[in-house]
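Heads up, my_file_31.tsv below (TSV, C-alpha atoms):
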```
chain	number	residue	atom	x	y	z
Y	16	MET	CA	-28.45	-1.00	9.11
Y	17	VAL	CA	-25.51	0.66	7.34
Y	18	ASP	CA	-22.47	-1.55	6.72
Y	19	SER	CA	-19.52	0.30	8.22
Y	20	THR	CA	-16.88	-2.13	6.96
Y	21	LEU	CA	-14.15	-0.32	5.03
Y	22	SER	CA	-13.05	-2.02	1.80
Y	23	ILE	CA	-9.40	-1.41	0.88
Y	24	LEU	CA	-7.69	-2.40	-2.37
Y	25	ILE	CA	-3.89	-2.51	-2.56
Y	26	ILE	CA	-2.45	-2.09	-6.04
Y	27	GLY	CA	1.05	-3.55	-6.06
Y	28	ALA	CA	0.33	-5.87	-3.15
Y	29	SER	CA	3.07	-8.37	-4.03
Y	30	GLY	CA	5.94	-5.86	-3.65
Y	31	ARG	CA	7.87	-5.34	-0.44
Y	32	THR	CA	5.89	-2.27	0.58
Y	33	GLY	CA	2.62	-3.89	-0.50
Y	34	LEU	CA	3.29	-6.95	1.66
Y	35	GLU	CA	4.15	-4.77	4.63
Y	36	LEU	CA	0.89	-2.89	4.11
Y	37	LEU	CA	-1.00	-6.20	4.10
Y	38	ARG	CA	0.68	-7.24	7.34
Y	39	GLN	CA	0.02	-3.99	9.15
Y	40	LEU	CA	-3.55	-3.64	7.94
Y	41	SER	CA	-4.21	-7.10	9.38
Y	42	GLN	CA	-3.09	-5.80	12.78
Y	43	ASN	CA	-5.13	-2.60	12.74
Y	44	GLY	CA	-8.37	-2.86	14.68
Y	45	LYS	CA	-10.60	-0.97	12.25
Y	46	ASN	CA	-13.52	-2.90	10.77
Y	47	LYS	CA	-12.28	-3.54	7.24
Y	48	VAL	CA	-11.59	-6.01	4.46
Y	49	VAL	CA	-8.42	-5.91	2.38
Y	50	HIS	CA	-8.10	-6.97	-1.25
Y	51	ALA	CA	-4.82	-7.47	-3.10
Y	52	PHE	CA	-4.30	-6.61	-6.78
Y	53	CYS	CA	-1.17	-7.66	-8.66
Y	54	ARG	CA	0.02	-9.16	-11.94
Y	55	ASP	CA	1.20	-12.42	-10.41
Y	56	PRO	CA	-0.69	-13.59	-7.30
Y	57	THR	CA	1.85	-16.40	-6.79
Y	58	LYS	CA	4.32	-13.72	-5.66
Y	59	ILE	CA	2.27	-13.14	-2.52
Y	60	PRO	CA	3.76	-15.57	0.04
Y	61	ASP	CA	1.42	-18.09	1.65
Y	62	GLU	CA	1.76	-16.46	5.06
Y	63	TYR	CA	0.28	-13.22	3.65
Y	64	ILE	CA	-2.62	-14.71	1.72
Y	65	HIS	CA	-4.82	-15.01	4.80
Y	66	PHE	CA	-4.57	-11.23	5.26
Y	67	CYS	CA	-6.55	-10.81	2.03
Y	68	GLN	CA	-10.28	-11.08	1.50
Y	69	SER	CA	-9.44	-11.69	-2.16
Y	70	VAL	CA	-6.46	-11.62	-4.52
Y	71	ILE	CA	-7.28	-10.14	-7.92
Y	72	LYS	CA	-5.00	-10.74	-10.88
Y	73	GLY	CA	-4.52	-7.97	-13.42
Y	74	ASP	CA	-2.33	-5.29	-14.96
Y	75	ALA	CA	-2.36	-2.01	-13.02
Y	76	ARG	CA	-1.63	-0.14	-16.27
Y	77	ASN	CA	-4.86	-1.38	-17.85
Y	78	PRO	CA	-7.92	0.76	-16.92
Y	79	ASN	CA	-10.26	-2.18	-17.59
Y	80	ASP	CA	-8.33	-4.40	-15.18
Y	81	VAL	CA	-8.25	-1.63	-12.58
Y	82	GLU	CA	-11.99	-0.98	-12.93
Y	83	ARG	CA	-12.66	-4.70	-12.56
Y	84	ALA	CA	-10.55	-4.82	-9.39
Y	85	VAL	CA	-12.21	-1.74	-7.88
Y	86	GLY	CA	-15.65	-3.08	-8.78
Y	87	GLU	CA	-15.11	-6.64	-7.56
Y	88	SER	CA	-13.57	-5.47	-4.28
Y	89	GLY	CA	-16.11	-2.71	-3.68
Y	90	ALA	CA	-13.11	-0.60	-2.76
Y	91	GLN	CA	-13.67	2.67	-0.96
Y	92	VAL	CA	-9.95	3.31	-0.59
Y	93	VAL	CA	-7.20	2.28	-3.00
Y	94	ILE	CA	-3.58	2.20	-1.84
Y	95	VAL	CA	-1.06	2.38	-4.68
Y	96	SER	CA	2.42	0.96	-4.12
Y	97	VAL	CA	3.79	0.10	-7.53
Y	98	GLY	CA	7.31	0.20	-8.87
Y	99	ASN	CA	10.05	-1.64	-10.67
Y	100	GLY	CA	11.86	-3.27	-7.78
Y	101	ASP	CA	15.31	-1.86	-7.15
Y	102	SER	CA	15.84	-0.96	-10.80
Y	103	VAL	CA	16.74	2.64	-11.64
Y	104	LYS	CA	16.20	2.11	-15.36
Y	105	LYS	CA	13.65	4.05	-17.38
Y	106	SER	CA	10.11	2.88	-16.69
Y	107	ASP	CA	6.58	4.27	-16.90
Y	108	VAL	CA	4.84	1.71	-14.69
Y	109	ARG	CA	4.03	4.29	-12.01
Y	110	THR	CA	2.73	6.87	-14.47
Y	111	SER	CA	0.73	4.37	-16.53
Y	112	SER	CA	-0.89	2.74	-13.50
Y	113	ALA	CA	-1.71	6.14	-12.04
Y	114	LYS	CA	-3.43	7.23	-15.24
Y	115	ALA	CA	-5.45	4.03	-15.23
Y	116	LEU	CA	-6.66	4.48	-11.64
Y	117	ALA	CA	-7.34	8.21	-12.05
Y	118	ASP	CA	-9.40	7.40	-15.13
Y	119	VAL	CA	-11.48	4.92	-13.14
Y	120	MET	CA	-11.89	7.35	-10.22
Y	121	GLN	CA	-13.40	9.93	-12.58
Y	122	ARG	CA	-16.13	7.58	-13.78
Y	123	PRO	CA	-19.52	8.33	-12.15
Y	124	ARG	CA	-19.76	4.92	-10.51
Y	125	TYR	CA	-16.46	5.38	-8.67
Y	126	ARG	CA	-16.55	9.02	-7.60
Y	127	HIS	CA	-16.69	7.89	-3.98
Y	128	VAL	CA	-13.30	6.12	-4.24
Y	129	ARG	CA	-10.31	7.70	-2.52
Y	130	ALA	CA	-6.63	6.91	-2.99
Y	131	VAL	CA	-3.35	6.97	-1.09
Y	132	ILE	CA	-0.32	7.01	-3.38
Y	133	VAL	CA	3.20	6.01	-2.30
Y	134	SER	CA	5.64	8.30	-4.11
Y	135	SER	CA	9.19	9.48	-3.47
Y	136	THR	CA	10.97	12.52	-2.16
Y	137	GLY	CA	12.40	14.32	-5.20
Y	138	ALA	CA	9.22	13.83	-7.26
Y	139	GLY	CA	6.86	16.61	-8.24
Y	140	THR	CA	7.69	19.93	-6.59
Y	141	SER	CA	9.97	18.38	-3.95
Y	142	LYS	CA	13.76	18.28	-3.99
Y	143	ILE	CA	16.31	15.89	-2.53
Y	144	LYS	CA	18.38	18.26	-0.42
Y	145	VAL	CA	21.56	16.82	1.02
Y	146	GLY	CA	24.69	18.83	1.77
Y	147	MET	CA	27.76	19.23	-0.45
Y	148	GLY	CA	25.77	18.66	-3.63
Y	149	VAL	CA	25.05	15.04	-2.77
Y	150	GLY	CA	21.34	15.63	-3.32
Y	151	LYS	CA	21.96	16.49	-6.97
Y	152	ILE	CA	24.01	13.33	-7.43
Y	153	ILE	CA	21.25	11.20	-5.87
Y	154	SER	CA	18.60	12.94	-7.99
Y	155	PHE	CA	20.57	12.26	-11.16
Y	156	HIS	CA	21.05	8.60	-10.24
Y	157	LEU	CA	17.31	8.26	-9.59
Y	158	ARG	CA	16.21	10.53	-12.45
Y	159	HIS	CA	14.14	7.89	-14.26
Y	160	ILE	CA	12.36	6.81	-11.07
Y	161	LEU	CA	11.67	10.42	-10.04
Y	162	ARG	CA	10.38	11.30	-13.50
Y	163	ASP	CA	8.04	8.33	-13.34
Y	164	HIS	CA	6.85	9.28	-9.85
Y	165	THR	CA	6.27	12.85	-11.05
Y	166	GLY	CA	4.12	11.53	-13.88
Y	167	GLN	CA	2.31	9.37	-11.32
Y	168	GLU	CA	1.54	12.37	-9.13
Y	169	ASP	CA	0.45	14.53	-12.08
Y	170	ALA	CA	-2.05	11.87	-13.15
Y	171	PHE	CA	-4.06	12.47	-9.98
Y	172	ASN	CA	-4.44	16.23	-10.44
Y	173	THR	CA	-8.04	15.80	-11.59
Y	174	VAL	CA	-8.97	13.78	-8.49
Y	175	MET	CA	-6.61	15.39	-5.99
Y	176	ASP	CA	-9.49	16.24	-3.66
Y	177	ARG	CA	-9.82	12.46	-3.10
Y	178	THR	CA	-6.10	11.64	-3.17
Y	179	VAL	CA	-3.27	11.70	-0.65
Y	180	ILE	CA	0.29	11.48	-1.95
Y	181	VAL	CA	3.00	10.45	0.49
Y	182	ARG	CA	6.59	10.98	-0.61
Y	183	ALA	CA	9.07	8.87	1.29
Y	184	THR	CA	12.84	9.14	1.51
Y	185	ALA	CA	14.95	6.05	0.71
Y	186	LEU	CA	13.36	2.88	2.07
Y	187	LYS	CA	15.20	0.44	4.29
Y	188	ASP	CA	13.96	-2.87	5.65
Y	189	ASN	CA	14.51	-2.52	9.38
Y	190	LYS	CA	11.78	-2.96	11.98
Y	191	ALA	CA	9.43	-0.06	12.59
Y	192	SER	CA	10.86	2.59	14.88
Y	193	GLY	CA	7.67	4.62	15.23
Y	194	LYS	CA	9.78	7.70	14.59
Y	195	VAL	CA	8.64	9.60	11.51
Y	196	ARG	CA	8.83	13.28	10.63
Y	197	GLU	CA	7.02	15.26	7.95
Y	198	PHE	CA	8.88	18.03	6.11
Y	199	GLY	CA	8.29	20.57	3.37
Y	200	ASP	CA	9.06	20.33	-0.35
Y	201	ARG	CA	11.99	22.75	-0.21
Y	202	GLU	CA	13.10	21.83	3.27
Y	203	LYS	CA	16.18	19.75	3.90
Y	204	SER	CA	15.11	16.32	5.07
Y	205	PRO	CA	16.22	15.57	8.64
Y	206	THR	CA	17.42	12.14	7.44
Y	207	ILE	CA	17.65	10.41	4.08
Y	208	GLN	CA	16.00	7.10	4.98
Y	209	ILE	CA	12.81	5.70	6.45
Y	210	ASN	CA	11.96	2.17	7.51
Y	211	ARG	CA	9.52	0.57	5.09
Y	212	ALA	CA	7.51	-0.55	8.12
Y	213	ASP	CA	7.23	3.06	9.32
Y	214	LEU	CA	6.04	4.19	5.89
Y	215	ALA	CA	3.43	1.41	5.90
Y	216	ASN	CA	2.32	2.40	9.39
Y	217	TRP	CA	1.85	6.02	8.26
Y	218	VAL	CA	-0.29	4.86	5.33
Y	219	VAL	CA	-2.36	2.49	7.47
Y	220	GLU	CA	-3.03	5.23	10.02
Y	221	GLU	CA	-4.05	7.61	7.23
Y	222	VAL	CA	-6.47	5.07	5.78
Y	223	CYS	CA	-7.93	3.80	9.05
Y	224	SER	CA	-8.12	7.03	11.06
Y	225	GLY	CA	-11.67	7.76	9.95
Y	226	ASP	CA	-10.71	11.23	8.71
Y	227	PRO	CA	-11.53	12.19	5.09
Y	228	ILE	CA	-8.79	11.12	2.67
Y	229	GLY	CA	-7.71	13.63	0.08
Y	230	GLY	CA	-6.24	16.94	-0.88
Y	231	LYS	CA	-2.72	16.71	0.49
Y	232	VAL	CA	0.86	15.83	-0.38
Y	233	VAL	CA	3.17	14.86	2.46
Y	234	ASN	CA	6.94	14.26	2.58
Y	235	ILE	CA	8.08	11.88	5.32
Y	236	THR	CA	11.34	10.47	6.60
Y	237	GLY	CA	12.57	8.51	9.60
Y	238	ILE	CA	14.24	10.27	12.49
Y	239	LYS	CA	17.17	9.01	14.48
Y	240	ALA	CA	16.65	7.72	17.99
Y	241	ASN	CA	18.08	9.89	20.74
```

Whole structure, structure tokens version:
Amino acid sequence: MVDSTLSILIIGASGRTGLELLRQLSQNGKNKVVHAFCRDPTKIPDEYIHFCQSVIKGDARNPNDVERAVGESGAQVVIVSVGNGDSVKKSDVRTSSAKALADVMQRPRYRHVRAVIVSSTGAGTSKIKVGMGVGKIISFHLRHILRDHTGQEDAFNTVMDRTVIVRATALKDNKASGKVREFGDREKSPTIQINRADLANWVVEEVCSGDPIGGKVVNITGIKAN
């Protein structure tokens, strides 16, 4: 009998988006196990620990640590939600961790592994388009973050057929609205914010839908209630 249980590894599980992903994955009915990977497992609150089959300690920028986490978890899907908190200072944590995972995904043993990457509008080929030049001001303020996210996205070029990149507008911590819209790279975003819970819900649906994961980049934002 074939085991149909889906094994999911979350890299960056102790962050705000990672914790929301843990919570929502626990509520999804798909047959699955969820593993958390982070530098400091003590940052995962007690009430979230029971959502995890295991919590694996390691550095997401270290390919050996990432390979160990993927191997120990038996991950079929890896969700990446790494960052530097609310800091807008120069950082390469997203790029470095992406290179580490992409390196592991290219190894023969892990060529079945697929990934969903949480990125940001304004990274890669997308633009932050807000009227009166505000988009340029925002892009300049976030330039280090966007450069790091661009490096993150570029790292997956060699495994893009097994990778989904979701670029979100600015995250806010309200309850899920269930109202999300996708938009094009050069299209003006209908809004400039999305609830973190709505982003997590989009990712969970992508992972648990049963459809093949890979080969697309999506920009999403929240939409205002009528």

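Distance check against Ile59 in chain Y using all atoms listed in the file: of Y:Gly27, Y:Gly89, Y:Asn43, Y:Val131, the minimum falls on Y:Gly27.
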
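Rounded to one decimal, CA of Ser192 in chain Y and CA of Ile25 in chain Y lie 23.4 Å from each other.
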
Long-range neighbours of Ala191 in chain Y as a ChimeraX atom specification, 12 Å cut-off, all atoms listed in the file, 6 positions minimum in chain: /Y:35,39,209-217,237-238,240

Residues near Tyr125 in chain Y, anyone? I mean within 12 Å using all atoms listed in the file, not counting same-chain ones fewer than 4 positions away, as a list in words. Val81, Glu82, Arg83, Ala84, Val85, Gly86, Gly89, Ala90, Gln91, Val92, Val93, Leu116, Ala117, Asp118, Val119, Met120, Gln121, Arg129, Ala130, Val174 and Arg177 of chain Y

Requested write-out: C-alpha atoms of the selected residues, as a compact mmCIF listing (two decimals), keeping the file's coordinate frame:
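Saved the output as again_23.txt:
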```txt
# COMPACT_ATOMS: atom_id res chain seq x y z
CA VAL Y 81 -8.25 -1.63 -12.58
CA GLU Y 82 -11.99 -0.98 -12.93
CA ARG Y 83 -12.66 -4.70 -12.56
CA ALA Y 84 -10.55 -4.82 -9.39
CA VAL Y 85 -12.21 -1.74 -7.88
CA GLY Y 86 -15.65 -3.08 -8.78
CA GLY Y 89 -16.11 -2.71 -3.68
CA ALA Y 90 -13.11 -0.60 -2.76
CA GLN Y 91 -13.67 2.67 -0.96
CA VAL Y 92 -9.95 3.31 -0.59
CA VAL Y 93 -7.20 2.28 -3.00
CA LEU Y 116 -6.66 4.48 -11.64
CA ALA Y 117 -7.34 8.21 -12.05
CA ASP Y 118 -9.40 7.40 -15.13
CA VAL Y 119 -11.48 4.92 -13.14
CA MET Y 120 -11.89 7.35 -10.22
CA GLN Y 121 -13.40 9.93 -12.58
CA ARG Y 129 -10.31 7.70 -2.52
CA ALA Y 130 -6.63 6.91 -2.99
CA VAL Y 174 -8.97 13.78 -8.49
CA ARG Y 177 -9.82 12.46 -3.10
```

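Compared by their closest atoms to Phe52 in chain Y, and using all atoms listed in the file, the residues Y:Lys72, Y:His164, Y:His159, Y:His127 rank with Y:Lys72 nearest.
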